[in-house]
file input01.cif (mmCIF, C-alpha atoms)
data_model
#
loop_
_atom_site.group_PDB
_atom_site.id
_atom_site.type_symbol
_atom_site.label_atom_id
_atom_site.label_comp_id
_atom_site.auth_asym_id
_atom_site.auth_seq_id
_atom_site.Cartn_x
_atom_site.Cartn_y
_atom_site.Cartn_z
ATOM 1 C CA MET A 18 108.730 66.554 105.053
ATOM 2 C CA ALA A 19 107.709 70.107 104.090
ATOM 3 C CA ASN A 20 104.257 68.789 103.248
ATOM 4 C CA SER A 21 103.942 67.202 106.684
ATOM 5 C CA ALA A 22 105.058 70.469 108.324
ATOM 6 C CA ASN A 23 102.350 72.351 106.380
ATOM 7 C CA ASN A 24 99.730 69.819 107.458
ATOM 8 C CA ARG A 25 100.620 70.413 111.081
ATOM 9 C CA SER A 26 99.520 74.060 111.028
ATOM 10 C CA GLY A 27 96.074 73.537 109.474
ATOM 11 C CA PRO A 28 92.677 73.329 111.190
ATOM 12 C CA ASP A 29 92.548 69.599 110.434
ATOM 13 C CA HIS A 30 95.660 69.085 112.500
ATOM 14 C CA ALA A 31 94.213 71.128 115.379
ATOM 15 C CA LEU A 32 91.063 68.996 115.229
ATOM 16 C CA TRP A 33 93.233 65.861 115.188
ATOM 17 C CA LEU A 34 95.033 67.042 118.347
ATOM 18 C CA VAL A 35 91.670 67.630 120.072
ATOM 19 C CA ILE A 36 90.466 64.155 119.045
ATOM 20 C CA VAL A 37 93.676 62.554 120.347
ATOM 21 C CA GLY A 38 93.383 64.465 123.634
ATOM 22 C CA LEU A 39 89.722 63.538 124.117
ATOM 23 C CA ALA A 40 90.393 59.886 123.269
ATOM 24 C CA ALA A 41 93.279 59.820 125.750
ATOM 25 C CA TRP A 42 90.966 61.246 128.424
ATOM 26 C CA ALA A 43 88.051 58.912 127.617
ATOM 27 C CA VAL A 44 90.162 55.731 127.720
ATOM 28 C CA PRO A 45 93.689 55.766 129.180
ATOM 29 C CA GLY A 46 96.182 54.913 126.441
ATOM 30 C CA ALA A 47 93.708 55.463 123.594
ATOM 31 C CA GLY A 48 95.464 58.661 122.524
ATOM 32 C CA HIS A 49 98.719 56.798 121.981
ATOM 33 C CA PHE A 50 96.816 53.993 120.264
ATOM 34 C CA LEU A 51 95.325 56.513 117.804
ATOM 35 C CA ILE A 52 98.739 57.859 116.833
ATOM 36 C CA ARG A 53 99.908 54.284 116.176
ATOM 37 C CA GLU A 54 101.977 54.009 119.345
ATOM 38 C CA ARG A 55 100.092 50.799 120.073
ATOM 39 C CA LYS A 56 102.537 49.089 122.419
ATOM 40 C CA ARG A 57 102.780 52.266 124.491
ATOM 41 C CA GLY A 58 98.987 52.611 124.515
ATOM 42 C CA VAL A 59 98.460 49.077 125.815
ATOM 43 C CA ILE A 60 101.080 49.510 128.566
ATOM 44 C CA LEU A 61 99.531 52.800 129.685
ATOM 45 C CA PHE A 62 95.993 51.380 129.632
ATOM 46 C CA VAL A 63 96.950 48.348 131.726
ATOM 47 C CA CYS A 64 99.019 50.277 134.288
ATOM 48 C CA ILE A 65 96.659 53.220 134.820
ATOM 49 C CA THR A 66 93.447 51.173 134.812
ATOM 50 C CA ALA A 67 94.934 48.604 137.192
ATOM 51 C CA LEU A 68 96.026 51.406 139.525
ATOM 52 C CA PHE A 69 92.580 53.046 139.480
ATOM 53 C CA CYS A 70 90.729 49.727 139.976
ATOM 54 C CA THR A 71 93.052 48.788 142.846
ATOM 55 C CA GLY A 72 92.226 52.111 144.505
ATOM 56 C CA LEU A 73 88.503 51.463 144.106
ATOM 57 C CA TYR A 74 88.894 47.915 145.436
ATOM 58 C CA ILE A 75 90.830 49.012 148.529
ATOM 59 C CA GLY A 76 88.720 52.023 149.478
ATOM 60 C CA SER A 77 85.409 51.107 147.744
ATOM 61 C CA ILE A 78 83.802 53.285 145.086
ATOM 62 C CA GLY A 79 83.029 55.748 147.885
ATOM 63 C CA VAL A 80 86.532 57.227 147.465
ATOM 64 C CA VAL A 81 85.195 58.991 144.359
ATOM 65 C CA ASN A 82 82.950 61.688 145.763
ATOM 66 C CA ARG A 83 82.868 65.178 144.326
ATOM 67 C CA VAL A 84 81.002 66.593 147.347
ATOM 68 C CA ALA A 85 82.773 65.074 150.344
ATOM 69 C CA SER A 86 86.280 64.897 148.874
ATOM 70 C CA TRP A 87 86.315 67.340 145.986
ATOM 71 C CA PRO A 88 90.095 68.045 145.993
ATOM 72 C CA TRP A 89 90.709 64.355 145.253
ATOM 73 C CA PHE A 90 87.923 64.399 142.692
ATOM 74 C CA LEU A 91 89.793 67.102 140.734
ATOM 75 C CA ALA A 92 92.649 64.615 140.265
ATOM 76 C CA GLN A 93 90.416 61.545 139.772
ATOM 77 C CA ILE A 94 88.368 63.111 136.972
ATOM 78 C CA PHE A 95 91.429 63.107 134.708
ATOM 79 C CA PHE A 96 91.230 59.309 134.657
ATOM 80 C CA SER A 97 88.073 59.314 132.531
ATOM 81 C CA PRO A 98 84.709 61.106 132.190
ATOM 82 C CA ALA A 99 83.228 57.879 133.638
ATOM 83 C CA VAL A 100 84.529 59.043 137.032
ATOM 84 C CA GLY A 101 81.911 61.818 136.907
ATOM 85 C CA ILE A 102 79.162 59.204 136.481
ATOM 86 C CA LEU A 103 80.646 57.171 139.336
ATOM 87 C CA SER A 104 80.647 60.285 141.498
ATOM 88 C CA LYS A 105 76.926 60.816 140.848
ATOM 89 C CA LEU A 106 76.286 57.336 142.284
ATOM 90 C CA THR A 107 78.343 57.946 145.411
ATOM 91 C CA GLN A 108 77.648 61.579 146.298
ATOM 92 C CA ASN A 109 74.623 60.771 148.496
ATOM 93 C CA GLY A 110 76.920 58.823 150.829
ATOM 94 C CA GLN A 111 75.507 55.334 150.367
ATOM 95 C CA PHE A 112 79.014 53.851 150.012
ATOM 96 C CA PRO A 113 80.792 54.909 153.211
ATOM 97 C CA THR A 114 84.569 54.735 153.324
ATOM 98 C CA TYR A 115 86.857 55.654 156.191
ATOM 99 C CA GLY A 116 90.281 55.287 157.776
ATOM 100 C CA ARG A 117 93.391 53.958 156.101
ATOM 101 C CA PRO A 118 91.588 52.160 153.216
ATOM 102 C CA CYS A 119 89.982 55.491 152.292
ATOM 103 C CA ASP A 120 93.388 57.240 152.340
ATOM 104 C CA ILE A 121 95.025 54.561 150.194
ATOM 105 C CA GLY A 122 92.070 54.400 147.805
ATOM 106 C CA GLN A 123 92.065 58.163 147.327
ATOM 107 C CA ILE A 124 95.816 58.265 146.773
ATOM 108 C CA TYR A 125 95.694 55.410 144.234
ATOM 109 C CA THR A 126 92.743 56.828 142.264
ATOM 110 C CA GLY A 127 94.080 60.390 142.452
ATOM 111 C CA ILE A 128 97.525 59.363 141.213
ATOM 112 C CA ALA A 129 95.890 57.284 138.436
ATOM 113 C CA GLY A 130 94.053 60.423 137.301
ATOM 114 C CA LEU A 131 97.204 62.529 137.350
ATOM 115 C CA LEU A 132 99.170 59.846 135.486
ATOM 116 C CA ASN A 133 96.467 59.874 132.823
ATOM 117 C CA LEU A 134 96.842 63.664 132.598
ATOM 118 C CA LEU A 135 100.527 63.025 131.860
ATOM 119 C CA CYS A 136 99.483 60.536 129.159
ATOM 120 C CA ILE A 137 96.989 63.003 127.642
ATOM 121 C CA LEU A 138 99.713 65.647 127.377
ATOM 122 C CA SER A 139 102.211 63.102 126.057
ATOM 123 C CA SER A 140 99.858 61.808 123.344
ATOM 124 C CA VAL A 141 98.858 65.320 122.215
ATOM 125 C CA TYR A 142 102.503 66.366 122.083
ATOM 126 C CA MET A 143 103.443 63.260 120.109
ATOM 127 C CA ALA A 144 100.555 63.907 117.714
ATOM 128 C CA TYR A 145 101.685 67.534 117.380
ATOM 129 C CA CYS A 146 105.210 66.384 116.525
ATOM 130 C CA GLY A 147 103.810 63.967 113.947
ATOM 131 C CA ARG A 148 105.008 60.840 115.780
ATOM 132 C CA GLY A 149 102.103 58.781 114.445
ATOM 133 C CA GLU A 150 102.962 59.726 110.864
ATOM 134 C CA LEU A 151 106.672 58.912 111.232
ATOM 135 C CA ILE A 152 106.865 55.891 113.540
ATOM 136 C CA GLY A 153 103.516 54.441 112.409
ATOM 137 C CA ALA A 154 104.662 54.565 108.797
ATOM 138 C CA GLU A 155 107.875 52.736 109.732
ATOM 139 C CA GLU A 156 105.881 50.076 111.601
ATOM 140 C CA ASP A 157 103.517 49.631 108.661
ATOM 141 C CA GLU A 158 106.435 49.244 106.259
ATOM 142 C CA SER A 159 108.168 46.644 108.432
ATOM 143 C CA ALA A 160 104.925 44.625 108.903
ATOM 144 C CA MET B 21 77.165 35.292 136.947
ATOM 145 C CA PRO B 22 77.039 35.183 140.784
ATOM 146 C CA ASP B 23 80.858 35.363 140.775
ATOM 147 C CA PHE B 24 80.733 38.515 138.676
ATOM 148 C CA SER B 25 78.168 40.043 141.043
ATOM 149 C CA ALA B 26 80.324 39.134 144.028
ATOM 150 C CA MET B 27 83.307 40.724 142.327
ATOM 151 C CA LEU B 28 81.357 43.941 141.708
ATOM 152 C CA ALA B 29 80.056 43.912 145.273
ATOM 153 C CA SER B 30 83.631 43.801 146.579
ATOM 154 C CA PHE B 31 84.084 47.306 145.161
ATOM 155 C CA THR B 32 81.311 48.704 147.385
ATOM 156 C CA THR B 33 82.923 48.031 150.767
ATOM 157 C CA PRO B 34 86.417 49.067 151.854
ATOM 158 C CA GLU B 35 89.065 46.474 152.614
ATOM 159 C CA SER B 36 90.238 46.121 156.200
ATOM 160 C CA ILE B 37 93.669 47.746 156.435
ATOM 161 C CA GLY B 38 94.828 48.835 159.853
ATOM 162 C CA THR B 39 96.851 51.923 160.709
ATOM 163 C CA THR B 40 100.014 49.884 161.051
ATOM 164 C CA PRO B 41 103.556 50.234 159.689
ATOM 165 C CA GLN B 42 102.743 47.342 157.307
ATOM 166 C CA SER B 43 100.157 49.518 155.563
ATOM 167 C CA LEU B 44 103.082 51.568 154.206
ATOM 168 C CA LEU B 45 103.867 48.596 151.955
ATOM 169 C CA TRP B 46 100.939 49.738 149.799
ATOM 170 C CA MET B 47 103.248 52.438 148.442
ATOM 171 C CA PHE B 48 105.222 49.896 146.397
ATOM 172 C CA PRO B 49 102.519 48.974 143.828
ATOM 173 C CA LEU B 50 101.884 52.704 143.438
ATOM 174 C CA LEU B 51 105.577 53.394 142.840
ATOM 175 C CA ALA B 52 105.761 50.547 140.316
ATOM 176 C CA ALA B 53 102.825 51.989 138.368
ATOM 177 C CA ILE B 54 104.327 55.497 138.451
ATOM 178 C CA ALA B 55 107.689 54.180 137.194
ATOM 179 C CA LEU B 56 106.097 52.139 134.382
ATOM 180 C CA VAL B 57 103.832 54.974 133.181
ATOM 181 C CA TYR B 58 106.518 57.653 133.435
ATOM 182 C CA LYS B 59 109.036 55.626 131.459
ATOM 183 C CA ALA B 60 106.384 54.674 128.862
ATOM 184 C CA THR B 61 105.682 58.364 128.198
ATOM 185 C CA LYS B 62 109.317 59.456 128.346
ATOM 186 C CA MET B 63 111.130 56.916 126.168
ATOM 187 C CA ARG B 64 111.322 57.931 122.536
ATOM 188 C CA VAL B 65 111.213 54.399 121.186
ATOM 189 C CA LEU B 66 110.022 51.490 123.336
ATOM 190 C CA PHE B 67 112.462 48.598 123.392
ATOM 191 C CA MET B 68 110.867 46.247 125.882
ATOM 192 C CA ARG B 69 114.040 45.113 127.646
ATOM 193 C CA LYS B 70 115.423 48.633 128.038
ATOM 194 C CA TYR B 71 111.998 49.917 129.059
ATOM 195 C CA LEU B 72 111.655 47.311 131.823
ATOM 196 C CA LEU B 73 115.215 47.896 133.053
ATOM 197 C CA ASP B 74 114.758 51.678 133.131
ATOM 198 C CA SER B 75 111.426 51.300 134.928
ATOM 199 C CA LEU B 76 112.995 48.977 137.496
ATOM 200 C CA LEU B 77 115.833 51.440 138.047
ATOM 201 C CA LEU B 78 113.391 54.322 138.551
ATOM 202 C CA PHE B 79 111.284 52.188 140.912
ATOM 203 C CA MET B 80 114.355 51.309 142.990
ATOM 204 C CA THR B 81 115.538 54.936 143.055
ATOM 205 C CA ILE B 82 112.221 56.295 144.301
ATOM 206 C CA SER B 83 111.873 53.427 146.808
ATOM 207 C CA VAL B 84 115.343 54.008 148.269
ATOM 208 C CA PHE B 85 114.720 57.755 148.483
ATOM 209 C CA LEU B 86 111.381 57.261 150.262
ATOM 210 C CA ILE B 87 112.825 54.710 152.691
ATOM 211 C CA ALA B 88 115.663 57.137 153.454
ATOM 212 C CA ALA B 89 113.090 59.891 154.031
ATOM 213 C CA ILE B 90 111.143 57.614 156.405
ATOM 214 C CA ILE B 91 114.307 56.811 158.369
ATOM 215 C CA VAL B 92 115.353 60.479 158.625
ATOM 216 C CA LEU B 93 111.856 61.590 159.712
ATOM 217 C CA ASN B 94 111.733 58.835 162.352
ATOM 218 C CA LEU B 95 115.162 59.872 163.628
ATOM 219 C CA VAL B 96 114.052 63.504 163.876
ATOM 220 C CA ASP B 97 110.899 62.376 165.689
ATOM 221 C CA TRP B 98 112.974 60.250 168.078
ATOM 222 C CA LEU B 99 115.382 63.139 168.765
ATOM 223 C CA ILE B 100 112.532 65.553 169.497
ATOM 224 C CA THR B 101 110.479 63.241 171.668
ATOM 225 C CA SER B 102 113.261 61.457 173.608
#
call {"tool": "encode", "arguments": {"input": "input01.cif", "output": "structure tokens"}}
result
Amino acid sequence: MANSANNRSGPDHALWLVIVGLAAWAVPGAGHFLIRERKRGVILFVCITALFCTGLYIGSIGVVNRVASWPWFLAQIFFSPAVGILSKLTQNGQFPTYGRPCDIGQIYTGIAGLLNLLCILSSVYMAYCGRGELIGAEEDESA
Amino acid sequence: MPDFSAMLASFTTPESIGTTPQSLLWMFPLLAAIALVYKATKMRVLFMRKYLLDSLLLFMTISVFLIAAIIVLNLVDWLITS
């Protein structure tokens, strides 16, 4: 236990936290998957991705637009860096969206981004607390 | 392959949803996702049955609160405008 506490203060552990955070941002749920919280990772991936895709389906990909609707984009970008690429496609206005579908699409995609921010923080905190080492080891032993 | 293209194309045009009271029903899938994700991050150990029950309870709580808020706001609106 003392050894694990020492490991948590080293540069390797800081790098590990950064990797977990970046993975969680790149793919929703991947941060939890890395720290061996696999069931949690799969649930988060399915829920957040389904929410984001539903938002895109309802409002079209035009709801992601960092020029016309930048406040929403600030929330959407937390879903994944891929949202930035999507925004490059839509910023010249070739995918018009309007009215209630636009509202619902923006709310869905924005909330999906913010939920992924919650997951990023959760996975980094769990990695900081050594959850992967403890619970993952128990899972490996029982398997 | 054409099916896949058609599926991708459906993401380039918005769906037709009117500004009607029925459009408020779109809040329920959102609430379900919020409840599932929140409980997945909050629970220390995931026991599937307890996780689903807790998520359902949170979903119902938020839904009831929002419906109550809608009723109160409509009552206030009715009192002001009548």
call {"tool": "interface_residues", "arguments": {"input": "input01.cif", "of": "chain A", "to": "chain B", "cutoff": "7 Å", "atoms": "all atoms listed in the file", "output": "list of chain:residue names"}}
result
A:Arg57, A:Leu61, A:Cys64, A:Leu68, A:Leu73, A:Tyr74, A:Ile75, A:Gly76, A:Ser77, A:Ile78, A:Phe112, A:Thr114, A:Arg117, A:Pro118, A:Tyr125, A:Cys136, A:Ser139
call {"tool": "write_last_selection", "arguments": {"input": "input01.cif", "atoms": "C-alpha atoms", "output": "PDB file, keeping the file's coordinate frame"}}
result
ATOM      1  CA  ARG A  57     102.780  52.266 124.491  1.00  0.00           C
ATOM      2  CA  LEU A  61      99.531  52.800 129.685  1.00  0.00           C
ATOM      3  CA  CYS A  64      99.019  50.277 134.288  1.00  0.00           C
ATOM      4  CA  LEU A  68      96.026  51.406 139.525  1.00  0.00           C
ATOM      5  CA  LEU A  73      88.503  51.463 144.106  1.00  0.00           C
ATOM      6  CA  TYR A  74      88.894  47.915 145.436  1.00  0.00           C
ATOM      7  CA  ILE A  75      90.830  49.012 148.529  1.00  0.00           C
ATOM      8  CA  GLY A  76      88.720  52.023 149.478  1.00  0.00           C
ATOM      9  CA  SER A  77      85.409  51.107 147.744  1.00  0.00           C
ATOM     10  CA  ILE A  78      83.802  53.285 145.086  1.00  0.00           C
ATOM     11  CA  PHE A 112      79.014  53.851 150.012  1.00  0.00           C
ATOM     12  CA  THR A 114      84.569  54.735 153.324  1.00  0.00           C
ATOM     13  CA  ARG A 117      93.391  53.958 156.101  1.00  0.00           C
ATOM     14  CA  PRO A 118      91.588  52.160 153.216  1.00  0.00           C
ATOM     15  CA  TYR A 125      95.694  55.410 144.234  1.00  0.00           C
ATOM     16  CA  CYS A 136      99.483  60.536 129.159  1.00  0.00           C
ATOM     17  CA  SER A 139     102.211  63.102 126.057  1.00  0.00           C
TER      18      SER A 139
END
call {"tool": "residues_near_point", "arguments": {"input": "input01.cif", "point": "(100.1, 63.0, 121.7)", "cutoff": "9 Å", "atoms": "all atoms listed in the file", "output": "PDB file with C-alpha atoms, keeping the file's coordinate frame"}}
result
ATOM      1  CA  LEU A  34      95.033  67.042 118.347  1.00  0.00           C
ATOM      2  CA  VAL A  37      93.676  62.554 120.347  1.00  0.00           C
ATOM      3  CA  GLY A  38      93.383  64.465 123.634  1.00  0.00           C
ATOM      4  CA  ALA A  41      93.279  59.820 125.750  1.00  0.00           C
ATOM      5  CA  GLY A  48      95.464  58.661 122.524  1.00  0.00           C
ATOM      6  CA  HIS A  49      98.719  56.798 121.981  1.00  0.00           C
ATOM      7  CA  LEU A  51      95.325  56.513 117.804  1.00  0.00           C
ATOM      8  CA  ILE A  52      98.739  57.859 116.833  1.00  0.00           C
ATOM      9  CA  CYS A 136      99.483  60.536 129.159  1.00  0.00           C
ATOM     10  CA  ILE A 137      96.989  63.003 127.642  1.00  0.00           C
ATOM     11  CA  LEU A 138      99.713  65.647 127.377  1.00  0.00           C
ATOM     12  CA  SER A 139     102.211  63.102 126.057  1.00  0.00           C
ATOM     13  CA  SER A 140      99.858  61.808 123.344  1.00  0.00           C
ATOM     14  CA  VAL A 141      98.858  65.320 122.215  1.00  0.00           C
ATOM     15  CA  TYR A 142     102.503  66.366 122.083  1.00  0.00           C
ATOM     16  CA  MET A 143     103.443  63.260 120.109  1.00  0.00           C
ATOM     17  CA  ALA A 144     100.555  63.907 117.714  1.00  0.00           C
ATOM     18  CA  TYR A 145     101.685  67.534 117.380  1.00  0.00           C
ATOM     19  CA  CYS A 146     105.210  66.384 116.525  1.00  0.00           C
ATOM     20  CA  GLY A 147     103.810  63.967 113.947  1.00  0.00           C
ATOM     21  CA  ARG A 148     105.008  60.840 115.780  1.00  0.00           C
ATOM     22  CA  GLY A 149     102.103  58.781 114.445  1.00  0.00           C
TER      23      GLY A 149
END
call {"tool": "atom_distance", "arguments": {"input": "input01.cif", "atom1": "atom CA of A:Leu39", "atom2": "atom CA of A:Gly122"}}
result
25.5 Å
call {"tool": "atom_distance", "arguments": {"input": "input01.cif", "atom1": "atom CA of A:Ile121", "atom2": "atom CA of A:Ala47"}}
result
26.6 Å
call {"tool": "atom_distance", "arguments": {"input": "input01.cif", "atom1": "atom CA of A:Asn109", "atom2": "atom CA of A:Val81"}}
result
11.5 Å
call {"tool": "resolve_selection", "arguments": {"input": "input01.cif", "expression": "the PyMOL selection byres ((chain B and resi 79) around 9)", "output": "list in words"}}
result
Phe48, Leu51, Ala52, Ala53, Ile54, Ala55, Leu56, Asp74, Ser75, Leu76, Leu77, Leu78, Met80, Thr81, Ile82, Ser83 and Val84 of chain B
call {"tool": "closest_residue", "arguments": {"input": "input01.cif", "among": "A:Gly79, A:Ile102, A:Thr66, A:His30", "to": "A:Val44", "atoms": "all atoms listed in the file"}}
result
A:Thr66
call {"tool": "closest_residue", "arguments": {"input": "input01.cif", "among": "A:Ala129, A:Arg53, A:Ala67, A:Ile60", "to": "A:Gln93", "atoms": "all atoms listed in the file"}}
result
A:Ala129
call {"tool": "closest_residue", "arguments": {"input": "input01.cif", "among": "A:Ile94, A:Ala40, A:Leu32, A:Leu135", "to": "A:Phe69", "atoms": "all atoms listed in the file"}}
result
A:Ile94
